[in-house]
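Read the structure below first, then the notes.
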Amino acid sequence: MGLTNAMKLSLLRIAAGGQTFEHRYAPDELDVSAHAFTLNEPAHVSGRVKPSGQDFHVTGELETHVAISCDRCLRDLFIPVHETFKLVYVPANEARSSHGEREVSEQELDFVYLDGDELDPMLDIDQLTRDQLELALPTRILCRDDCRGLCAQCGADLNETTCQCAATVDPRWQALADLRNQND
Ligand SMILES: [Zn+2]
Ligand SMILES: [Zn+2]
C-alpha cells in the first residue's frame, strides 16, 4: 500500500491509474486533542488517489461516530459520521508559484496543499481524516433544536428541571445573563 506508520501515502510512485487506500483507526490511534470531539469507536477511512497533471485528486469516504458535548447543556452526544470527500492536493512548490493566478476549473473541489518535502510529497491520511471529521460536524452542536441549556446562575439543566433563578433575578441582571447566554 505504500503506507508508513504515520499513515502517510507517498505520492511519488502512484500509477497513472491511481491507487486506493484504506485504514481503520483505533479510537486512540488518531490524535484529535486539538478538536472538541473524541473518538470512541474506530474510524474507517478509504479512498482513491489519482494523479492529474501536477496535482492529485483524492476521493473517498469516512465512517465513524464521534463523541462531543451539546453546546448548551454539555450533555455527551454520540454523532454518526458518514462523510464523502473530494479533494485536490496541490504540490507545495506549485502552490507557492502559481497560487492566486491559478484557474480553478473544478469549483466543487477543495484544494489542499501538500506539505513538506517537494521531492517526496506525502498525502497525510491522519490530517485528512481529522479535517473531514471536523467538516462533518454541524457548526452548532445541540442535543435537540430546542435544548434549554444550563441555568447561567445555578448550573441546573433546564431540560430536566426548573430552577428559581429566573424568577428571582433582577430584570437588569437578566439582560446581562441573556447577553452572556448569547455569547456562549
Ligand atoms: Zn443540550
Ligand atoms: Zn438556576
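How things are named: the first chain in the C-alpha cells is A, the next is B, and so on; residues count from 1 in each chain; ligands count from 1 in the order shown.
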
*Within 12 Å of ligand 1, counting only C-alpha atoms and all ligand atoms, which protein or nucleic acid residues do you find, written as a PyMOL selection string?*
chain A and resi 68-77+140-151+157-160

What does the file look like for those residues with N, CA and C atoms, as an mmCIF file, in the first residue's frame?
```cif
data_model
loop_
_atom_site.group_PDB
_atom_site.id
_atom_site.type_symbol
_atom_site.label_atom_id
_atom_site.label_comp_id
_atom_site.auth_asym_id
_atom_site.auth_seq_id
_atom_site.Cartn_x
_atom_site.Cartn_y
_atom_site.Cartn_z
ATOM 1 N N ILE A 68 -19.140 14.195 21.456
ATOM 2 C CA ILE A 68 -18.977 15.645 21.605
ATOM 3 C C ILE A 68 -20.108 16.135 22.502
ATOM 4 N N SER A 69 -19.886 17.233 23.209
ATOM 5 C CA SER A 69 -20.935 17.668 24.125
ATOM 6 C C SER A 69 -21.809 18.757 23.503
ATOM 7 N N CYS A 70 -23.059 18.767 23.930
ATOM 8 C CA CYS A 70 -24.025 19.769 23.474
ATOM 9 C C CYS A 70 -23.508 21.157 23.837
ATOM 10 N N ASP A 71 -23.605 22.100 22.897
ATOM 11 C CA ASP A 71 -23.129 23.468 23.134
ATOM 12 C C ASP A 71 -23.842 24.127 24.314
ATOM 13 N N ARG A 72 -25.079 23.760 24.547
ATOM 14 C CA ARG A 72 -25.864 24.448 25.575
ATOM 15 C C ARG A 72 -25.897 23.726 26.910
ATOM 16 N N CYS A 73 -26.148 22.403 26.894
ATOM 17 C CA CYS A 73 -26.328 21.713 28.178
ATOM 18 C C CYS A 73 -25.149 20.812 28.520
ATOM 19 N N LEU A 74 -24.191 20.709 27.606
ATOM 20 C CA LEU A 74 -22.947 19.957 27.827
ATOM 21 C C LEU A 74 -23.136 18.438 27.935
ATOM 22 N N ARG A 75 -24.341 17.992 27.678
ATOM 23 C CA ARG A 75 -24.605 16.562 27.646
ATOM 24 C C ARG A 75 -23.731 15.896 26.571
ATOM 25 N N ASP A 76 -23.251 14.690 26.856
ATOM 26 C CA ASP A 76 -22.443 13.971 25.862
ATOM 27 C C ASP A 76 -23.309 13.452 24.733
ATOM 28 N N LEU A 77 -22.889 13.723 23.525
ATOM 29 C CA LEU A 77 -23.620 13.258 22.354
ATOM 30 C C LEU A 77 -22.725 12.329 21.551
ATOM 31 N N ARG A 140 -23.216 24.165 14.967
ATOM 32 C CA ARG A 140 -23.794 24.187 16.307
ATOM 33 C C ARG A 140 -24.086 22.761 16.717
ATOM 34 N N ILE A 141 -23.533 22.352 17.832
ATOM 35 C CA ILE A 141 -23.797 21.006 18.325
ATOM 36 C C ILE A 141 -24.884 21.109 19.387
ATOM 37 N N LEU A 142 -26.063 20.600 19.072
ATOM 38 C CA LEU A 142 -27.178 20.662 20.018
ATOM 39 C C LEU A 142 -27.773 19.271 20.189
ATOM 40 N N CYS A 143 -28.113 18.929 21.440
ATOM 41 C CA CYS A 143 -28.722 17.623 21.697
ATOM 42 C C CYS A 143 -30.098 17.571 21.044
ATOM 43 N N ARG A 144 -30.777 18.721 20.976
ATOM 44 C CA ARG A 144 -32.010 18.867 20.220
ATOM 45 C C ARG A 144 -32.172 20.353 19.930
ATOM 46 N N ASP A 145 -32.938 20.689 18.903
ATOM 47 C CA ASP A 145 -33.013 22.076 18.457
ATOM 48 C C ASP A 145 -33.429 23.031 19.571
ATOM 49 N N ASP A 146 -34.327 22.550 20.430
ATOM 50 C CA ASP A 146 -34.835 23.447 21.467
ATOM 51 C C ASP A 146 -34.192 23.169 22.824
ATOM 52 N N CYS A 147 -32.965 22.696 22.818
ATOM 53 C CA CYS A 147 -32.274 22.468 24.089
ATOM 54 C C CYS A 147 -32.289 23.745 24.913
ATOM 55 N N ARG A 148 -32.690 23.633 26.188
ATOM 56 C CA ARG A 148 -32.833 24.821 27.024
ATOM 57 C C ARG A 148 -31.553 25.178 27.747
ATOM 58 N N GLY A 149 -30.569 24.303 27.665
ATOM 59 C CA GLY A 149 -29.269 24.626 28.233
ATOM 60 C C GLY A 149 -29.238 24.612 29.744
ATOM 61 N N LEU A 150 -28.151 25.186 30.265
ATOM 62 C CA LEU A 150 -27.954 25.221 31.711
ATOM 63 C C LEU A 150 -28.293 26.609 32.233
ATOM 64 N N CYS A 151 -28.804 26.675 33.440
ATOM 65 C CA CYS A 151 -29.042 27.974 34.068
ATOM 66 C C CYS A 151 -27.690 28.664 34.281
ATOM 67 N N ASP A 157 -29.687 21.875 34.816
ATOM 68 C CA ASP A 157 -30.030 21.515 33.445
ATOM 69 C C ASP A 157 -31.508 21.828 33.232
ATOM 70 N N LEU A 158 -31.779 22.867 32.461
ATOM 71 C CA LEU A 158 -33.158 23.356 32.313
ATOM 72 C C LEU A 158 -34.010 22.454 31.429
ATOM 73 N N ASN A 159 -33.387 21.432 30.811
ATOM 74 C CA ASN A 159 -34.173 20.428 30.103
ATOM 75 C C ASN A 159 -34.871 19.501 31.100
ATOM 76 N N GLU A 160 -34.280 19.376 32.269
ATOM 77 C CA GLU A 160 -34.755 18.375 33.210
ATOM 78 C C GLU A 160 -35.426 18.964 34.427
#
```

*Would you mind listing the residues within 7 Å of ligand 2, counting only C-alpha atoms and all ligand atoms, as a ChimeraX atom specification?*
/A:151-156,163-166

*For Leu137 (chain A), work out the shell of residues within 10 Å, counting only C-alpha atoms and skipping chain neighbours fewer than 4 positions away, then give it as a list of chain:residue names.*
A:Phe37, A:Val66, A:Ile68, A:Ile79, A:Pro80, A:Val81, A:Glu83, A:Gln132, A:Leu133, A:Ile141

_DSSP on the backbone: which residues in region 5-104 of chain A end up as strand (DSSP E)? Give the answer as a PyMOL selection string._
chain A and resi 8-10+19-25+38-39+43-52+55-69+76-90
